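Okay, upload16.cif is below, mmCIF, C-alpha atoms:
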data_run
loop_
_atom_site.label_atom_id
_atom_site.label_comp_id
_atom_site.auth_asym_id
_atom_site.auth_seq_id
_atom_site.Cartn_x
_atom_site.Cartn_y
_atom_site.Cartn_z
CA MET A 1 111.47 98.20 124.75
CA PRO A 2 111.30 101.21 122.45
CA PHE A 3 109.95 103.49 125.20
CA ALA A 4 112.75 102.75 127.67
CA HIS A 5 114.68 105.84 126.66
CA LEU A 6 112.05 108.50 127.26
CA ASP A 7 114.67 110.72 128.79
CA ALA A 8 117.55 109.53 126.64
CA PRO A 9 119.70 112.23 125.05
CA THR A 10 118.73 113.32 121.57
CA ALA A 11 120.98 113.16 118.55
CA PRO A 12 124.00 115.50 118.53
CA CYS A 13 123.40 116.91 115.05
CA ARG A 14 120.51 118.07 112.91
CA PRO A 15 120.08 119.27 109.33
CA ALA A 16 120.89 122.97 109.03
CA SER A 17 118.32 123.77 106.36
CA LEU A 18 115.50 122.37 104.24
CA ARG A 19 117.97 122.25 101.38
CA GLU A 20 120.33 120.01 103.29
CA LEU A 21 117.38 117.81 104.28
CA PHE A 22 116.23 117.52 100.67
CA PHE A 23 119.63 116.56 99.24
CA SER A 24 120.43 114.19 102.09
CA PHE A 25 117.28 112.19 101.37
CA THR A 26 117.92 112.32 97.63
CA TRP A 27 121.42 110.98 98.16
CA LEU A 28 120.37 108.12 100.40
CA ALA A 29 117.47 107.19 98.11
CA LEU A 30 119.80 106.96 95.11
CA GLN A 31 122.03 104.55 97.00
CA GLY A 32 119.20 102.26 98.00
CA PHE A 33 118.94 99.43 95.53
CA GLY A 34 116.23 96.97 96.50
CA GLY A 35 115.69 98.48 99.93
CA VAL A 36 116.45 101.84 101.46
CA LEU A 37 116.28 100.84 105.14
CA VAL A 38 119.95 99.87 105.45
CA VAL A 39 121.06 103.09 103.79
CA VAL A 40 118.80 105.22 105.97
CA GLN A 41 120.30 103.69 109.09
CA ARG A 42 123.87 104.17 107.87
CA GLU A 43 123.40 107.75 106.67
CA LEU A 44 121.13 109.26 109.32
CA VAL A 45 122.41 107.41 112.38
CA GLU A 46 126.05 106.57 111.73
CA ARG A 47 127.31 109.21 109.34
CA LYS A 48 125.27 112.33 109.97
CA GLN A 49 124.19 111.51 113.54
CA TRP A 50 120.83 113.16 113.03
CA LEU A 51 119.17 110.30 114.91
CA THR A 52 120.38 108.18 117.81
CA HIS A 53 120.12 104.45 117.42
CA ASP A 54 117.18 104.31 119.85
CA GLU A 55 115.32 107.06 118.05
CA PHE A 56 115.81 105.23 114.79
CA VAL A 57 114.46 101.94 116.15
CA GLU A 58 111.41 103.64 117.60
CA ASP A 59 110.69 105.64 114.45
CA TRP A 60 111.05 102.55 112.33
CA ALA A 61 108.53 100.66 114.46
CA VAL A 62 105.99 103.46 114.02
CA ALA A 63 106.80 103.77 110.31
CA GLN A 64 105.96 100.10 109.86
CA VAL A 65 102.72 100.30 111.78
CA MET A 66 101.32 103.26 109.87
CA PRO A 67 99.91 102.76 106.39
CA GLY A 68 102.17 103.88 103.57
CA PRO A 69 105.67 102.94 102.45
CA ASN A 70 107.93 102.48 105.49
CA VAL A 71 110.80 104.64 104.29
CA VAL A 72 108.40 107.34 103.15
CA ASN A 73 106.82 107.32 106.61
CA LEU A 74 110.23 107.53 108.25
CA ALA A 75 111.17 110.52 106.09
CA LEU A 76 107.87 112.23 106.97
CA MET A 77 108.35 111.70 110.68
CA PHE A 78 111.97 112.83 110.68
CA GLY A 79 111.40 115.86 108.46
CA GLY A 80 108.34 116.78 110.51
CA ARG A 81 110.24 116.69 113.79
CA MET A 82 113.04 118.86 112.38
CA PHE A 83 111.07 121.55 110.51
CA GLY A 84 107.34 120.82 110.96
CA LEU A 85 105.12 120.22 107.94
CA PRO A 86 107.53 121.91 105.44
CA GLY A 87 110.25 119.58 106.67
CA ALA A 88 108.04 116.52 106.22
CA MET A 89 107.19 117.53 102.64
CA THR A 90 110.82 118.38 101.84
CA ALA A 91 112.11 115.01 103.06
CA LEU A 92 109.36 113.24 101.12
CA ALA A 93 110.18 115.14 97.92
CA GLY A 94 113.89 114.50 98.34
CA LEU A 95 113.27 110.80 98.78
CA LEU A 96 111.04 110.44 95.71
CA ALA A 97 111.88 113.05 93.05
CA ALA A 98 115.22 111.86 91.65
CA PRO A 99 114.47 108.10 91.92
CA LEU A 100 111.15 108.68 90.14
CA VAL A 101 112.99 110.18 87.16
CA VAL A 102 115.48 107.29 87.15
CA VAL A 103 112.79 104.62 87.26
CA LEU A 104 110.78 106.26 84.44
CA LEU A 105 113.92 106.46 82.28
CA LEU A 106 114.51 102.77 82.93
CA ALA A 107 110.91 102.02 81.98
CA MET A 108 111.28 103.95 78.70
CA LEU A 109 114.50 102.10 77.88
CA HIS A 110 112.67 98.90 78.63
CA THR A 111 109.80 99.80 76.27
CA ARG A 112 112.30 100.49 73.51
CA PHE A 113 114.25 97.28 73.98
CA ALA A 114 111.50 94.96 75.19
CA ALA A 115 111.40 93.20 71.81
CA TYR A 116 114.85 91.71 72.42
CA PRO A 117 114.48 88.27 74.00
CA ALA A 118 117.52 88.93 76.20
CA VAL A 119 115.85 91.98 77.80
CA GLU A 120 112.60 90.14 78.27
CA GLY A 121 114.47 87.19 79.78
CA ALA A 122 116.51 89.41 82.09
CA LEU A 123 113.36 91.02 83.49
CA ARG A 124 111.75 87.62 83.96
CA GLY A 125 114.81 86.55 85.93
CA MET A 126 114.75 89.73 88.02
CA ALA A 127 111.03 89.33 88.72
CA ALA A 128 111.67 85.82 90.03
CA VAL A 129 114.45 87.17 92.25
CA SER A 130 112.15 89.99 93.48
CA ALA A 131 109.59 87.38 94.51
CA GLY A 132 112.31 85.60 96.47
CA LEU A 133 113.44 88.86 98.10
CA ILE A 134 109.97 89.72 99.31
CA GLY A 135 109.51 86.20 100.67
CA ALA A 136 112.86 86.49 102.46
CA THR A 137 111.76 89.80 104.03
CA GLY A 138 108.62 88.07 105.30
CA LEU A 139 110.72 85.24 106.77
CA LYS A 140 113.09 87.69 108.46
CA LEU A 141 110.19 89.58 110.04
CA SER A 142 108.43 86.39 111.12
CA VAL A 143 111.12 85.87 113.78
CA ALA A 144 109.55 88.80 115.65
CA LEU A 145 106.29 86.85 116.04
CA ALA A 146 107.89 84.76 118.79
CA ARG A 147 108.07 87.92 120.96
CA ASN A 148 104.55 89.02 120.04
CA PRO A 149 101.96 89.24 122.83
CA VAL A 150 99.62 87.31 120.52
CA PRO A 151 100.29 83.60 121.27
CA LEU A 152 102.47 81.99 118.62
CA ALA A 153 99.80 79.47 117.59
CA TRP A 154 97.38 82.34 116.90
CA CYS A 155 100.08 84.24 114.99
CA VAL A 156 100.69 81.24 112.75
CA ALA A 157 96.98 80.64 112.27
CA ILE A 158 96.37 84.29 111.29
CA ALA A 159 99.38 84.36 108.97
CA VAL A 160 98.49 81.10 107.20
CA THR A 161 94.80 82.03 106.85
CA GLY A 162 95.76 85.47 105.55
CA PHE A 163 98.11 83.93 103.00
CA VAL A 164 95.46 81.49 101.75
CA LEU A 165 92.74 84.16 101.53
CA VAL A 166 94.92 86.67 99.66
CA ALA A 167 97.37 84.60 97.61
CA LEU A 168 95.23 81.59 96.70
CA LEU A 169 91.60 82.76 96.94
CA HIS A 170 92.29 86.38 95.81
CA LEU A 171 89.91 87.94 98.33
CA PRO A 172 89.78 91.77 98.49
CA LEU A 173 92.35 93.01 100.98
CA LEU A 174 89.96 95.28 102.88
CA TYR A 175 87.91 92.35 104.23
CA VAL A 176 91.00 90.35 105.13
CA MET A 177 92.50 93.38 106.87
CA ALA A 178 89.36 94.12 108.85
CA GLY A 179 88.79 90.48 109.81
CA LEU A 180 92.22 89.02 110.48
CA GLY A 181 93.96 92.31 111.36
CA GLY A 182 91.14 93.11 113.77
CA LEU A 183 91.41 89.65 115.31
CA GLY A 184 95.15 90.14 115.84
CA CYS A 185 94.62 93.54 117.48
CA VAL A 186 91.93 92.18 119.82
CA LEU A 187 94.15 89.26 120.83
CA ALA A 188 97.10 91.60 121.45
CA TRP A 189 94.87 93.98 123.40
CA ARG A 190 93.68 91.21 125.73
CA ARG A 191 97.20 89.89 126.29
CA LEU A 192 98.61 93.33 127.06
CA ARG A 193 96.18 93.78 129.95
CA ALA A 194 98.66 92.31 132.45
CA MET B 1 101.56 105.48 67.36
CA THR B 2 99.53 102.31 67.44
CA ALA B 3 95.91 102.25 68.46
CA PRO B 4 95.37 102.37 72.23
CA LEU B 5 94.97 98.98 73.87
CA ILE B 6 92.40 100.29 76.29
CA VAL B 7 90.09 103.28 76.46
CA LEU B 8 89.94 105.15 79.74
CA ALA B 9 87.12 107.62 80.35
CA TRP B 10 87.25 110.24 83.10
CA HIS B 11 85.29 108.07 85.46
CA ASP B 12 87.83 105.28 84.90
CA TRP B 13 90.69 107.60 85.92
CA LEU B 14 88.64 108.61 88.92
CA ASN B 15 88.04 104.97 89.72
CA LEU B 16 91.79 104.32 89.50
CA PHE B 17 92.57 107.30 91.72
CA SER B 18 90.01 106.41 94.37
CA HIS B 19 91.13 102.80 94.40
CA PHE B 20 94.71 103.86 95.09
CA LEU B 21 93.50 106.27 97.79
CA LEU B 22 91.88 103.26 99.45
CA LEU B 23 94.96 101.09 98.92
CA SER B 24 97.05 103.79 100.59
CA LEU B 25 95.05 103.44 103.79
CA MET B 26 95.45 99.66 103.64
CA SER B 27 99.18 99.69 102.93
CA ILE B 28 100.36 98.81 106.42
CA GLY B 29 103.77 97.22 106.02
CA GLY B 30 104.40 99.17 102.83
CA ALA B 31 102.76 99.60 99.46
CA ILE B 32 104.17 96.24 98.44
CA SER B 33 101.75 94.48 100.80
CA THR B 34 98.82 95.70 98.69
CA THR B 35 100.32 94.25 95.51
CA SER B 36 97.91 91.34 95.37
CA GLU B 37 94.98 93.75 95.59
CA MET B 38 96.51 95.90 92.80
CA HIS B 39 96.83 92.76 90.70
CA ARG B 40 93.21 91.82 91.32
CA PHE B 41 92.05 95.35 90.40
CA LEU B 42 94.35 96.26 87.48
CA VAL B 43 94.90 92.91 85.77
CA GLU B 44 92.03 90.60 86.66
CA GLN B 45 89.08 92.97 87.06
CA HIS B 46 89.73 95.85 84.62
CA HIS B 47 92.41 94.46 82.27
CA TRP B 48 94.17 97.84 82.32
CA LEU B 49 97.54 96.10 82.63
CA THR B 50 98.78 92.84 81.18
CA GLN B 51 100.33 90.28 83.48
CA ALA B 52 103.74 90.96 81.88
CA GLN B 53 103.44 94.74 82.44
CA PHE B 54 102.44 94.14 86.03
CA ASN B 55 105.48 91.95 86.66
CA ASP B 56 107.83 94.28 84.76
CA SER B 57 106.68 97.28 86.80
CA ILE B 58 107.76 95.56 89.99
CA ALA B 59 110.96 94.12 88.52
CA ILE B 60 112.14 97.46 87.10
CA ALA B 61 111.35 99.30 90.35
CA GLN B 62 113.26 96.65 92.31
CA ALA B 63 116.24 96.99 89.98
CA ALA B 64 116.27 100.79 90.25
CA PRO B 65 117.50 102.77 93.25
CA GLY B 66 115.00 104.39 95.57
CA PRO B 67 111.95 103.42 97.60
CA ASN B 68 110.13 100.34 96.36
CA VAL B 69 106.88 102.30 96.23
CA LEU B 70 107.98 103.61 92.82
CA PHE B 71 106.60 100.42 91.28
CA VAL B 72 103.24 102.16 91.76
CA ALA B 73 104.41 104.98 89.49
CA LEU B 74 105.35 102.43 86.82
CA MET B 75 101.91 100.83 87.01
CA GLY B 76 100.33 104.25 86.42
CA TRP B 77 102.84 104.84 83.61
CA ASN B 78 101.90 101.58 81.89
CA VAL B 79 98.16 102.10 82.30
CA GLY B 80 98.63 105.50 80.61
CA LEU B 81 100.73 104.00 77.81
CA ASN B 82 98.03 101.39 77.23
CA ALA B 83 95.52 104.23 76.99
CA GLY B 84 97.51 105.59 74.10
CA SER B 85 100.05 108.33 74.83
CA THR B 86 103.03 109.54 76.83
CA VAL B 87 100.91 112.39 78.18
CA ALA B 88 98.45 109.83 79.50
CA ALA B 89 101.37 107.91 80.97
CA VAL B 90 102.60 110.97 82.89
CA PHE B 91 99.03 111.55 84.03
CA GLY B 92 98.87 107.91 85.11
CA VAL B 93 102.00 108.36 87.24
CA ALA B 94 100.44 111.39 88.94
CA VAL B 95 97.14 109.59 89.55
CA THR B 96 98.63 106.45 91.08
CA MET B 97 101.43 108.16 93.04
CA PHE B 98 99.25 110.89 94.55
CA GLY B 99 96.61 108.26 95.22
CA ILE B 100 98.96 105.94 97.06
CA LEU B 101 100.71 108.76 98.97
CA ILE B 102 98.16 111.38 100.03
CA PRO B 103 96.04 109.47 102.58
CA SER B 104 98.92 107.62 104.22
CA THR B 105 101.05 110.77 104.34
CA PHE B 106 98.46 112.79 106.20
CA LEU B 107 97.52 109.92 108.46
CA THR B 108 101.15 109.14 109.27
CA TYR B 109 102.16 112.73 109.84
CA PHE B 110 99.45 113.46 112.37
CA ALA B 111 99.10 110.01 113.91
CA SER B 112 102.85 109.60 114.42
CA GLN B 113 102.94 112.78 116.47
CA TRP B 114 100.04 111.52 118.56
CA GLY B 115 101.46 108.00 118.74
CA HIS B 116 104.89 109.28 119.75
CA ARG B 117 103.39 111.10 122.71
CA ASN B 118 101.22 108.11 123.68
CA ARG B 119 103.45 105.18 122.79
CA HIS B 120 103.04 103.57 126.22
CA LEU B 121 99.23 103.32 125.79
CA ARG B 122 97.77 99.84 125.55
CA VAL B 123 95.76 100.64 122.42
CA VAL B 124 98.88 101.83 120.57
CA ARG B 125 100.85 98.72 121.50
CA ALA B 126 97.92 96.38 120.72
CA PHE B 127 97.56 97.84 117.23
CA LYS B 128 101.30 97.74 116.57
CA GLN B 129 101.74 94.14 117.70
CA GLY B 130 98.36 92.78 116.60
CA MET B 131 98.89 93.64 112.93
CA ALA B 132 102.23 91.83 112.74
CA PRO B 133 101.01 88.33 111.74
CA LEU B 134 98.91 89.74 108.90
CA VAL B 135 101.74 91.99 107.66
CA ILE B 136 103.91 88.90 107.30
CA ALA B 137 101.12 86.96 105.59
CA LEU B 138 100.73 89.79 103.05
CA LEU B 139 104.45 89.81 102.28
CA MET B 140 104.39 86.06 101.66
CA ALA B 141 101.26 86.42 99.50
CA THR B 142 103.02 89.04 97.39
CA ALA B 143 106.01 86.74 96.92
CA TRP B 144 103.68 83.92 95.92
CA ILE B 145 101.76 86.00 93.37
CA LEU B 146 104.97 87.33 91.81
CA ALA B 147 106.57 83.90 91.64
CA SER B 148 103.53 82.14 90.23
CA ALA B 149 102.97 84.81 87.59
CA GLY B 150 106.43 84.42 86.07
CA GLY B 151 106.16 82.01 83.17
CA HIS B 152 104.16 79.36 81.44
CA GLY B 153 104.69 75.73 80.57
CA THR B 154 107.95 73.90 81.00
CA ALA B 155 110.02 76.92 82.04
CA ASP B 156 107.95 77.33 85.18
CA TRP B 157 109.95 75.16 87.53
CA ARG B 158 113.17 77.04 86.78
CA LEU B 159 111.63 80.37 87.73
CA TRP B 160 110.22 78.85 90.91
CA LEU B 161 113.64 77.43 91.71
CA LEU B 162 115.28 80.83 91.11
CA SER B 163 112.75 82.53 93.41
CA LEU B 164 113.33 79.91 96.07
CA VAL B 165 117.12 80.00 95.86
CA SER B 166 117.35 83.80 95.80
CA GLY B 167 114.93 83.98 98.72
CA LEU B 168 117.09 81.58 100.72
CA VAL B 169 120.29 83.45 99.81
CA ILE B 170 118.86 86.80 100.87
CA TRP B 171 117.31 85.35 104.00
CA ARG B 172 120.38 83.47 105.24
CA THR B 173 123.35 85.50 103.95
CA LYS B 174 124.47 89.12 103.79
CA VAL B 175 125.04 89.07 100.02
CA HIS B 176 124.07 92.42 98.51
CA LEU B 177 120.72 92.30 96.77
CA LEU B 178 122.24 93.72 93.57
CA TRP B 179 124.35 90.62 93.04
CA VAL B 180 121.33 88.36 93.29
CA LEU B 181 119.26 90.60 91.00
CA GLY B 182 122.17 90.70 88.56
CA ALA B 183 122.50 86.92 88.60
CA GLY B 184 118.77 86.57 87.89
CA ALA B 185 119.04 89.08 85.04
CA LEU B 186 122.01 87.23 83.51
CA LEU B 187 120.33 83.83 83.75
CA GLY B 188 117.28 85.30 82.03
CA ALA B 189 119.25 87.21 79.40
CA PHE B 190 121.02 84.01 78.32
CA GLN B 191 117.64 82.30 78.00
CA LEU B 192 118.34 79.86 80.79
CA LEU B 193 114.96 80.47 82.41
#
Now, as a test, write the supplied structure out as structure tokens.
Amino acid sequence: MPFAHLDAPTAPCRPASLRELFFSFTWLALQGFGGVLVVVQRELVERKQWLTHDEFVEDWAVAQVMPGPNVVNLALMFGGRMFGLPGAMTALAGLLAAPLVVVLLLAMLHTRFAAYPAVEGALRGMAAVSAGLIGATGLKLSVALARNPVPLAWCVAIAVTGFVLVALLHLPLLYVMAGLGGLGCVLAWRRLRA
Amino acid sequence: MTAPLIVLAWHDWLNLFSHFLLLSLMSIGGAISTTSEMHRFLVEQHHWLTQAQFNDSIAIAQAAPGPNVLFVALMGWNVGLNAGSTVAAVFGVAVTMFGILIPSTFLTYFASQWGHRNRHLRVVRAFKQGMAPLVIALLMATAWILASAGGHGTADWRLWLLSLVSGLVIWRTKVHLLWVLGAGALLGAFQLL
């Protein structure tokens, strides 16, 4: 369990300055094509040793639970623990600034060359692959449902109903979140009593 | 410069901003899990983005390095371009990115400190575990909406097949995502889709 290491040793190293924090997050963001999680783990845990493996797993769990992009949340939490609020903002800026410029440049190139059928076709192909990637991420995560305190039958029922309501019936997310998310939390709450 | 496709008044920008503030609070599992709601709002309800622009925003952000949330910046960029100028596009990026980031950033920063101290509490664990089935449902819904929005007519089944095959490859193997994206791009560039 993530809280088994309450007294575990903390990571051996830490960023020396806000500047180092900023450029470290810029560097890992620029390596992350299609998903930054793998790069974050390799850079912060294995190379720089700013986080132990256990700390990383725990932070990642919280980052996923909180609203907002997971990697952005992880950067906020890490930067915040190192240097307080300035650290959180620095890590966030490092993660987003350079990739934002790159993605806007790509978008401008795309606007200029969108008339070419090859460019249009390439993007259509990449969009289809993106759809597959996101589905694959969902499938990978669904393995964790077997260990969930919510009984598996309920998990499947909530997931299938949620899919139908959002993907097929196009219901506003807020209602689905309040209804089905709330149901999941109540079920988990009751099961965790023991 | 051609005539703007859409006209956005100040209250429309405000509407866009407040909608992304709300989406930020709902983006458990990442901004990508609110994609279907963005589609409903931007494409179906307000017609501020075309279906092709919506899909391209996500495809370009996926192809570029960095956090996936940058597809939100591209949506703001395209809404601004549709409203008529590059200045509006930059403004659109600021509106959508600050909208999607501000609420979740503050919530995460303060709640994670509280949650870290109280991670053994039943309410923390119930929330964390209870949301999981819905998070997965939202990811699958996003995949469905992206895949079904791809093409029209006879080409459809090929795009579906590509989505399915690339999903299986990424799910079952350790092939780097770039290779699969590159293969999809090549197939499309040679008009095989």
Original post:
What is the CA of Leu138 (chain B)-CA of Ser33 (chain B) distance in Å, reported with one decimal?
Top reply: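 Atom-to-atom, CA of Leu138 (chain B) to CA of Ser33 (chain B), that is 5.3 Å.
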Counting only C-alpha atoms, which residues of chain A sit at most 6 Å from some atom of chain B, and what is each one's closest atom pair with its distance in Å to one decimal, listed by chain and rising residue number, as CSV?
residue,atom,partner,partner_atom,distance
A:Ala29,CA,B:Gly66,CA,4.5
A:Leu30,CA,B:Pro65,CA,5.1
A:Gly32,CA,B:Pro65,CA,5.1
A:Phe33,CA,B:Pro65,CA,4.3
A:Gly34,CA,B:Gln62,CA,5.1
A:Gln64,CA,B:Gly29,CA,5.3
A:Val65,CA,B:Lys128,CA,5.6
A:Met66,CA,B:Ile28,CA,5.7
A:Pro67,CA,B:Ile28,CA,4.0
A:Gly68,CA,B:Ser104,CA,5.0
A:Pro69,CA,B:Gly30,CA,4.0
A:Asn70,CA,B:Gly30,CA,5.5
A:Pro99,CA,B:Gly66,CA,5.2
A:Val103,CA,B:Ala64,CA,6.0
A:Ala118,CA,B:Ala189,CA,4.0
A:Gly121,CA,B:Gly188,CA,4.1
A:Ala122,CA,B:Ala185,CA,3.9
A:Gly125,CA,B:Gly184,CA,4.4
A:Met126,CA,B:Gly184,CA,5.1
A:Ala127,CA,B:Ala59,CA,4.8
A:Ala128,CA,B:Ser163,CA,4.8
A:Val129,CA,B:Ser163,CA,5.1
A:Ala131,CA,B:Ala143,CA,4.4
A:Gly132,CA,B:Gly167,CA,3.8
A:Leu133,CA,B:Gly167,CA,5.1
A:Ile134,CA,B:Ala143,CA,5.5
A:Gly135,CA,B:Ala143,CA,5.2
A:Ala136,CA,B:Trp171,CA,4.8
A:Gly138,CA,B:Ile136,CA,5.2
A:Cys155,CA,B:Pro133,CA,5.3
A:Ala159,CA,B:Ala137,CA,4.6
A:Gly162,CA,B:Ala137,CA,5.6
A:Phe163,CA,B:Ala137,CA,5.0
A:Ala167,CA,B:Ala141,CA,4.7
A:Gly181,CA,B:Met131,CA,5.3
A:Gly184,CA,B:Gly130,CA,4.2
A:Cys185,CA,B:Gly130,CA,3.9
A:Ala188,CA,B:Ala126,CA,4.9
A:Trp189,CA,B:Ala126,CA,4.7
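Comparing the minimum interatomic distances between Val71 (chain A) and each of A:Leu100, A:Leu85, A:Leu174, A:Val36, counting only C-alpha atoms, we find that A:Val36 sits nearest.
Atom pair CA of Ala11 (chain A) / CA of Glu55 (chain A): separated by 8.3 Å.
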**OP:** Grab the CA of Met177 (chain A) to CA of Gln45 (chain B) distance for me, in Å with one decimal place.
**Re:**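 Separating CA of Met177 (chain A) from CA of Gln45 (chain B) is a distance of 20.1 Å.
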Original post:
So which residues are close to (115.5, 113.7, 95.1), meaning at most 9 Å away in the file's coordinates with all atoms listed in the file counted, and can you show them as a ChimeraX atom specification?
Top reply: /A:22-27,29-30,91-100
Store the residues picked out above, limited to C-alpha atoms, as a compact mmCIF listing (two decimals), keeping the file's coordinate frame.
# COMPACT_ATOMS: atom_id res chain seq x y z
CA PHE A 22 116.23 117.52 100.67
CA PHE A 23 119.63 116.56 99.24
CA SER A 24 120.43 114.19 102.09
CA PHE A 25 117.28 112.19 101.37
CA THR A 26 117.92 112.32 97.63
CA TRP A 27 121.42 110.98 98.16
CA ALA A 29 117.47 107.19 98.11
CA LEU A 30 119.80 106.96 95.11
CA ALA A 91 112.11 115.01 103.06
CA LEU A 92 109.36 113.24 101.12
CA ALA A 93 110.18 115.14 97.92
CA GLY A 94 113.89 114.50 98.34
CA LEU A 95 113.27 110.80 98.78
CA LEU A 96 111.04 110.44 95.71
CA ALA A 97 111.88 113.05 93.05
CA ALA A 98 115.22 111.86 91.65
CA PRO A 99 114.47 108.10 91.92
CA LEU A 100 111.15 108.68 90.14
Original post:
Closest to Leu76 (chain A) among A:Asp54, A:Asp59, A:Glu20, A:Glu43, using only C-alpha atoms?
Top reply: A:Asp59
Axis-aligned box for region 41-54 of chain B, 6 Å per side, centre and edges in Å as JSON:
{"center_x": 96.4, "center_y": 94.1, "center_z": 85.8, "size_x": 26.7, "size_y": 19.6, "size_z": 21.2}
